[in-house]
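Enquirer: Could you have a look at this structure, given as structure tokens, before my questions?
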Amino acid sequence: MSYIELSYEPKDDDLLVWFSVEPPKGKDLNYSAEKIAEESSIGTWTTLKTLLPEVWENLRARVYHIDKERSEVKVAYPLALFERRNMSGILASIAGNIFGMKSVEELRLVDIRLPEELIREYPGPQYGVEGVREFSGVKERPFLGTIIKPKIGLPTEMHAKVAYEAWVGGLDIVKDDENLTSQDFNPFEERLARTLEMKDRAQEETGEKKIYLVNITAPYKEMLRRAELVEDMGNEFVMIDVVISGFSAVQSFREEGFKMAIHAHRAMHAAITRNPKHGISMLALAKIYRLLGVDNLHIGTAVGKMEGSAEEVSSIREELQLSTAPSLQNRFEQKWDGIKPVLAVASGGLHPGHIPAVVDLLGKDIVIQAGGGVHGHPDGTIAGAKAMRQALEAVMQNIPLKDYAEGHRELRRALEKFMDMKFS
């Protein structure tokens with residue numbers, strides 16, 4: 001009763017999973033492939049008297065491709081194996097016990113292909129790229145944002161003041177950091193109220209729409225209570241640490257019916273994604289979060305302080321925003337009929353000098369966020385925000401940063417500090 005069926009042609013409604021596998025010492029790839037398909041569908045470590053023939057035929061996973069040179073296998077799962085509107089349940093199969101088996105030394109879930117029949121069960125983003133552009137008024141350029149720094153420790157009034165300075169300096173977005181929730185020095189309710197006051201003031205002074213991404217991450221009932229406060233106060237966004245909160249929480253929150261867009265921070269993702277031989281790729285996670293319905297998602301930068309190659313980050317951005325993502329060497333072709341594109345977020349160690357590279361790699365449908373790259377400006381937050389806006393203006397006008405900085409003091413001072421550029 002082998003799970004390997006290399007002659008099998010996957011059906012349109014099969015859920016496909018692409019694994020990179022390192023078998024244990026003394027075993028080959030076929031052995032590990034059998035065990036993966038067995039454990040992730042209907043089998044176990046021994047023969048079963050209870051495994052009915054019709055169950056075997058209709059619900060077993062099938063290993064339909066084995067590449068021994070690349071040490072990869074592809075597995076097709078019949079959709080009937082899953083409860084369709086239960087992403088946690090689906091992942092319990094295709095990314096559950098298999099990672100702890102002795103029959104694999106290393107195991108990496110490289111990619112998944114979600115069948116259209118499954119995709120129709122999920123709402124996807126409420127707003128997506130075009131919706132966020134519509135209510136923000138930012139139409140033809142990337143968004144610019146910052147994260148309040150230091151990430152922890154600022155009292156509420158100072159937090160709101162720093163947000164105001166970032167907005168009036170020219171940034172579109174201010175975001176709480178991932179570990180700022182409702183500490184004693186900066187309680188959630190007070191932070192929300194004071195920062196929204198500063199947001200209104202900045203909008204009046206600049207004539208531009210501003211966005212505040214307030215972190216509501218908490219136990220689920222408390223997260224809902226905080227979301228209700230945000231909605232009552234008229235803010236357009238909430239932020240959720242989606243990996244930490246869990247797939248069920250993200251799916252449930254999207255289905256609650258709130259009007260706010262969801263900004264998805266990926267804190268803790270690297271515990272799952274970083275090891276290239278083990279875990280789950282960020283590409284696969286991005287597909288899941290798009291399906292569950294986030295409007296923004298952090299994807300990395302390929303520059304700055306966070307790990308992630310340009311090829312990887314670019315492929316994630318494509319998967320979030322194309323209606324049909326192309327099949328590549330380590331990627332399935334994925335169709336997204338009826339699911340809106342997600343606004344990608346580049347964040348992590350960025351400063352004005354990085355903007356040309358980020359735009360060149362990721363295009364216009366991107367949020368470029370700089371924390372230390374704004375608040376670490378030698379002349380303070382307003383100057384740091386101006387430097388970011390000036391750098392983007394230079395890129396949109398196809399002017400080298402150094403040339404543009406000659407007539408823009410804030411950008412010049414930023415490039416002197418962060419890139420050690422010399423000016424006459």
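Labels used: A, B, ... for chains in the order of the structure tokens, numbers from 1 for residues in each chain, and numbers from 1 for ligands as shown.
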Looking only at strand (DSSP E or B) from DSSP on the backbone, list the matching residues of region 320-391 of chain A as a list in words.

Expert: Thr324, Ala325, Leu328, Arg331, Gln334, Lys335, Leu343, Ala344, Val345, Ala346, Ser347, Ile366, Val367, Ile368 and Gln369 of chain A

Enquirer: Residues at most 8 Å from region 248-251 of chain A, counting only C-alpha atoms, excluding those fewer than 6 positions away in the same chain, as a PyMOL selection string?

Expert: chain A and resi 86-88+220+242+292-293

Enquirer: Write out as a short mmCIF file (atom, residue, chain, number, x, y, z; two decimals) with N, CA and C atoms, in the first residue's frame all residues of region 201-377 of chain A that backbone DSSP assigns to helix (DSSP H, G or I).

Expert:
data_model
loop_
_atom_site.label_atom_id
_atom_site.label_comp_id
_atom_site.auth_asym_id
_atom_site.auth_seq_id
_atom_site.Cartn_x
_atom_site.Cartn_y
_atom_site.Cartn_z
N ARG A 201 -4.65 66.27 13.97
CA ARG A 201 -3.91 67.53 13.88
C ARG A 201 -2.97 67.52 12.69
N ALA A 202 -2.28 66.42 12.48
CA ALA A 202 -1.34 66.33 11.35
C ALA A 202 -2.07 66.39 10.02
N GLN A 203 -3.26 65.79 9.95
CA GLN A 203 -4.03 65.84 8.70
C GLN A 203 -4.47 67.26 8.39
N GLU A 204 -4.89 67.99 9.42
CA GLU A 204 -5.32 69.38 9.21
C GLU A 204 -4.16 70.24 8.74
N GLU A 205 -2.98 70.02 9.32
CA GLU A 205 -1.84 70.87 8.99
C GLU A 205 -1.22 70.54 7.64
N THR A 206 -1.27 69.28 7.23
CA THR A 206 -0.61 68.87 5.98
C THR A 206 -1.56 68.77 4.80
N TYR A 220 -7.68 36.57 22.42
CA TYR A 220 -8.66 36.90 21.38
C TYR A 220 -9.80 37.79 21.86
N LYS A 221 -10.39 37.50 23.01
CA LYS A 221 -11.50 38.32 23.49
C LYS A 221 -11.06 39.76 23.74
N GLU A 222 -9.85 39.92 24.27
CA GLU A 222 -9.34 41.27 24.49
C GLU A 222 -9.01 41.94 23.17
N MET A 223 -8.53 41.17 22.22
CA MET A 223 -8.26 41.72 20.90
C MET A 223 -9.54 42.26 20.27
N LEU A 224 -10.63 41.55 20.44
CA LEU A 224 -11.91 42.03 19.92
C LEU A 224 -12.36 43.31 20.63
N ARG A 225 -12.16 43.36 21.94
CA ARG A 225 -12.54 44.56 22.68
C ARG A 225 -11.74 45.77 22.18
N ARG A 226 -10.46 45.57 21.97
CA ARG A 226 -9.63 46.67 21.47
C ARG A 226 -10.04 47.06 20.06
N ALA A 227 -10.37 46.09 19.23
CA ALA A 227 -10.80 46.40 17.87
C ALA A 227 -12.09 47.22 17.89
N GLU A 228 -12.99 46.91 18.81
CA GLU A 228 -14.23 47.69 18.93
C GLU A 228 -13.93 49.14 19.30
N LEU A 229 -12.96 49.35 20.18
CA LEU A 229 -12.56 50.72 20.53
C LEU A 229 -12.00 51.44 19.31
N VAL A 230 -11.17 50.76 18.56
CA VAL A 230 -10.57 51.36 17.37
C VAL A 230 -11.65 51.74 16.38
N GLU A 231 -12.60 50.85 16.16
CA GLU A 231 -13.68 51.14 15.22
C GLU A 231 -14.55 52.29 15.71
N ASP A 232 -14.85 52.31 17.00
CA ASP A 232 -15.68 53.38 17.57
C ASP A 232 -15.00 54.74 17.41
N VAL A 242 0.43 38.36 13.41
CA VAL A 242 -0.38 37.25 12.93
C VAL A 242 0.21 35.87 13.25
N VAL A 243 1.52 35.73 13.21
CA VAL A 243 2.12 34.43 13.49
C VAL A 243 1.91 34.08 14.96
N ILE A 244 2.17 35.04 15.82
CA ILE A 244 2.02 34.83 17.25
C ILE A 244 0.56 34.61 17.63
N SER A 245 -0.35 35.36 17.02
CA SER A 245 -1.76 35.24 17.36
C SER A 245 -2.35 33.92 16.89
N PHE A 247 -3.29 31.13 13.33
CA PHE A 247 -4.11 31.11 12.12
C PHE A 247 -5.60 31.22 12.45
N SER A 248 -6.05 30.55 13.50
CA SER A 248 -7.47 30.60 13.85
C SER A 248 -7.89 32.01 14.23
N ALA A 249 -7.02 32.70 14.99
CA ALA A 249 -7.35 34.07 15.40
C ALA A 249 -7.44 34.99 14.20
N VAL A 250 -6.52 34.86 13.26
CA VAL A 250 -6.54 35.72 12.06
C VAL A 250 -7.79 35.44 11.23
N GLN A 251 -8.08 34.16 11.00
CA GLN A 251 -9.26 33.80 10.23
C GLN A 251 -10.53 34.31 10.91
N SER A 252 -10.63 34.09 12.20
CA SER A 252 -11.83 34.51 12.93
C SER A 252 -11.99 36.02 12.94
N PHE A 253 -10.88 36.75 13.13
CA PHE A 253 -10.96 38.21 13.17
C PHE A 253 -11.45 38.75 11.84
N ARG A 254 -10.92 38.21 10.76
CA ARG A 254 -11.35 38.68 9.43
C ARG A 254 -12.85 38.47 9.24
N ALA A 270 10.49 33.96 11.65
CA ALA A 270 11.79 33.37 11.36
C ALA A 270 12.05 32.09 12.14
N ALA A 271 11.36 31.92 13.27
CA ALA A 271 11.46 30.65 13.99
C ALA A 271 10.95 29.50 13.14
N ILE A 272 10.09 29.81 12.18
CA ILE A 272 9.49 28.81 11.29
C ILE A 272 10.15 28.84 9.92
N THR A 273 10.53 30.01 9.44
CA THR A 273 10.92 30.18 8.03
C THR A 273 12.41 30.25 7.76
N MET A 282 8.44 31.46 3.95
CA MET A 282 7.62 32.67 4.07
C MET A 282 6.67 32.78 2.88
N LEU A 283 7.07 32.26 1.73
CA LEU A 283 6.19 32.25 0.56
C LEU A 283 4.90 31.50 0.87
N ALA A 284 5.02 30.32 1.48
CA ALA A 284 3.83 29.54 1.82
C ALA A 284 2.98 30.26 2.85
N LEU A 285 3.62 30.84 3.87
CA LEU A 285 2.86 31.58 4.87
C LEU A 285 2.14 32.77 4.25
N ALA A 286 2.80 33.46 3.32
CA ALA A 286 2.19 34.62 2.67
C ALA A 286 0.91 34.22 1.93
N LYS A 287 0.95 33.07 1.27
CA LYS A 287 -0.26 32.59 0.58
C LYS A 287 -1.40 32.37 1.58
N ILE A 288 -1.07 31.77 2.70
CA ILE A 288 -2.09 31.49 3.70
C ILE A 288 -2.68 32.78 4.25
N TYR A 289 -1.83 33.77 4.54
CA TYR A 289 -2.35 35.02 5.10
C TYR A 289 -3.15 35.81 4.07
N ARG A 290 -2.77 35.72 2.80
CA ARG A 290 -3.59 36.37 1.77
C ARG A 290 -4.97 35.72 1.74
N LEU A 291 -5.00 34.41 1.79
CA LEU A 291 -6.28 33.71 1.77
C LEU A 291 -7.13 34.07 2.99
N LEU A 292 -6.49 34.15 4.16
CA LEU A 292 -7.22 34.45 5.39
C LEU A 292 -7.74 35.88 5.43
N ALA A 310 16.96 38.86 -2.24
CA ALA A 310 16.14 39.66 -3.15
C ALA A 310 15.17 38.77 -3.92
N GLU A 311 15.63 37.60 -4.34
CA GLU A 311 14.76 36.68 -5.08
C GLU A 311 13.59 36.22 -4.23
N GLU A 312 13.86 35.88 -2.97
CA GLU A 312 12.80 35.41 -2.09
C GLU A 312 11.79 36.51 -1.82
N VAL A 313 12.27 37.70 -1.46
CA VAL A 313 11.36 38.80 -1.12
C VAL A 313 10.52 39.19 -2.33
N SER A 314 11.15 39.23 -3.51
CA SER A 314 10.42 39.58 -4.73
C SER A 314 9.36 38.55 -5.07
N SER A 315 9.66 37.27 -4.87
CA SER A 315 8.68 36.23 -5.18
C SER A 315 7.49 36.30 -4.23
N ILE A 316 7.73 36.66 -2.97
CA ILE A 316 6.63 36.81 -2.02
C ILE A 316 5.74 37.98 -2.43
N ARG A 317 6.35 39.08 -2.82
CA ARG A 317 5.58 40.24 -3.26
C ARG A 317 4.70 39.87 -4.46
N GLU A 318 5.25 39.13 -5.41
CA GLU A 318 4.46 38.70 -6.56
C GLU A 318 3.28 37.83 -6.13
N GLU A 319 3.53 36.91 -5.21
CA GLU A 319 2.47 36.01 -4.76
C GLU A 319 1.34 36.75 -4.07
N LEU A 320 1.67 37.84 -3.40
CA LEU A 320 0.66 38.63 -2.70
C LEU A 320 -0.16 39.49 -3.66
N GLN A 321 0.40 39.83 -4.83
CA GLN A 321 -0.23 40.87 -5.63
C GLN A 321 -0.68 40.44 -7.02
N PRO A 352 16.65 56.31 4.47
CA PRO A 352 16.41 56.93 3.16
C PRO A 352 17.31 56.43 2.04
N GLY A 353 18.53 56.06 2.37
CA GLY A 353 19.44 55.57 1.35
C GLY A 353 19.04 54.26 0.72
N HIS A 354 18.14 53.51 1.38
CA HIS A 354 17.69 52.23 0.86
C HIS A 354 16.53 52.36 -0.12
N ILE A 355 15.87 53.49 -0.17
CA ILE A 355 14.63 53.61 -0.93
C ILE A 355 14.80 53.27 -2.41
N PRO A 356 15.86 53.72 -3.09
CA PRO A 356 15.99 53.33 -4.50
C PRO A 356 16.02 51.83 -4.71
N ALA A 357 16.76 51.11 -3.88
CA ALA A 357 16.86 49.66 -4.03
C ALA A 357 15.55 48.96 -3.75
N VAL A 358 14.82 49.43 -2.73
CA VAL A 358 13.54 48.80 -2.38
C VAL A 358 12.52 49.01 -3.50
N VAL A 359 12.44 50.23 -4.03
CA VAL A 359 11.49 50.50 -5.11
C VAL A 359 11.86 49.73 -6.37
N ASP A 360 13.15 49.65 -6.65
CA ASP A 360 13.61 48.91 -7.84
C ASP A 360 13.23 47.44 -7.74
N LEU A 361 13.34 46.87 -6.55
CA LEU A 361 13.05 45.45 -6.36
C LEU A 361 11.56 45.17 -6.26
N LEU A 362 10.82 46.03 -5.53
CA LEU A 362 9.45 45.69 -5.15
C LEU A 362 8.38 46.55 -5.80
N GLY A 372 14.41 53.27 13.04
CA GLY A 372 15.65 53.97 13.36
C GLY A 372 16.10 54.88 12.24
N GLY A 373 15.75 54.53 10.99
CA GLY A 373 16.13 55.36 9.84
C GLY A 373 15.40 56.69 9.79
N VAL A 374 14.35 56.85 10.59
CA VAL A 374 13.65 58.13 10.74
C VAL A 374 14.06 58.80 12.05
N HIS A 375 13.85 58.09 13.17
CA HIS A 375 14.08 58.69 14.48
C HIS A 375 15.57 58.79 14.82
#

Enquirer: Using only C-alpha atoms, pick whichever of A:Ile98, A:Ala80, A:Ile382, A:Leu16 has the shortest atom-to-atom distance to Gly43 (chain A).

Expert: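 Using only C-alpha atoms, Gly43 (chain A) sits closest to A:Ile98.
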
Enquirer: Can you work out which one of A:Val63, A:Val104, A:Leu6, A:Val174 has the shortest atom-to-atom distance to Ser32 (chain A), counting only C-alpha atoms?

Expert: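 Ranking A:Val63, A:Val104, A:Leu6, A:Val174 by distance to Ser32 (chain A), first place goes to A:Val104.
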
Enquirer: Quick one: residues within 9 Å of region 9-13 of chain A, only C-alpha atoms counted, chain neighbours fewer than 2 positions away excluded, as a ChimeraX atom specification?

Expert: /A:6-7,15-16,62,64,75-79,114-118

Enquirer: Report, in Å to a single decimal, how far apart CA of Pro378 (chain A) and CA of Ala267 (chain A) are.

Expert: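 One can read the CA of Ala267 (chain A) to CA of Pro378 (chain A) distance as 28.5 Å.
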
Enquirer: Report as a VMD selection string all protein, DNA and RNA residues lying within 12 Å of Lys74 (chain A), evaluated on only C-alpha atoms, omitting residues in the same chain fewer than 3 positions from it.

Expert: chain A and resid 3 to 6 8 to 10 14 to 21 29 to 30 33 to 34 36 to 37 61 to 68 70 to 71 77 94 108 to 113 330 to 332

Enquirer: Which distance in Å separates CA of Glu255 (chain A) and CA of Glu130 (chain A), to one decimal?

Expert: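 CA of Glu130 (chain A) lies at a distance of 20.3 Å from CA of Glu255 (chain A).
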
Enquirer: May I have the residues within 6 Å of region 135-144 of chain A as a compact mmCIF listing (two decimals) with C-alpha atoms, in the first residue's frame, using only C-alpha atoms and disregarding those fewer than 3 positions away in the same chain?

Expert:
# COMPACT_ATOMS: atom_id res chain seq x y z
CA VAL A 132 -5.95 51.11 0.97
CA LEU A 171 5.17 60.15 6.21
CA ASP A 172 1.86 58.48 5.46
CA LYS A 209 -4.57 61.60 4.88
CA LYS A 364 5.16 50.94 -6.19
CA ASP A 365 2.64 48.76 -4.38
CA ILE A 366 4.72 48.67 -1.24
CA VAL A 367 4.91 50.27 2.19
CA ILE A 368 8.46 51.35 2.98
CA GLN A 369 8.85 51.57 6.75

Enquirer: Just to confirm, what's the straight-line distance from CA of Ala166 (chain A) to CA of Gly376 (chain A) in Å (one decimal)?

Expert: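 Interatomic distance, CA of Ala166 (chain A) to CA of Gly376 (chain A): 12.1 Å.
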
Enquirer: Let me make sure I understand: among A:Thr156, A:Glu57, A:Glu39, A:Pro23, which one has the smallest atom-to-atom distance to Glu105 (chain A) if we use only C-alpha atoms?

Expert: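 Checking each of A:Thr156, A:Glu57, A:Glu39, A:Pro23 against Glu105 (chain A), counting only C-alpha atoms, the winner is A:Pro23.
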
Enquirer: Have a look at A:Gly153, A:Gly349, A:Pro276, A:Gly100 and name the one nearest to Ser182 (chain A); count only C-alpha atoms.

Expert: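 Result for the nearest residue to Ser182 (chain A): A:Gly153.
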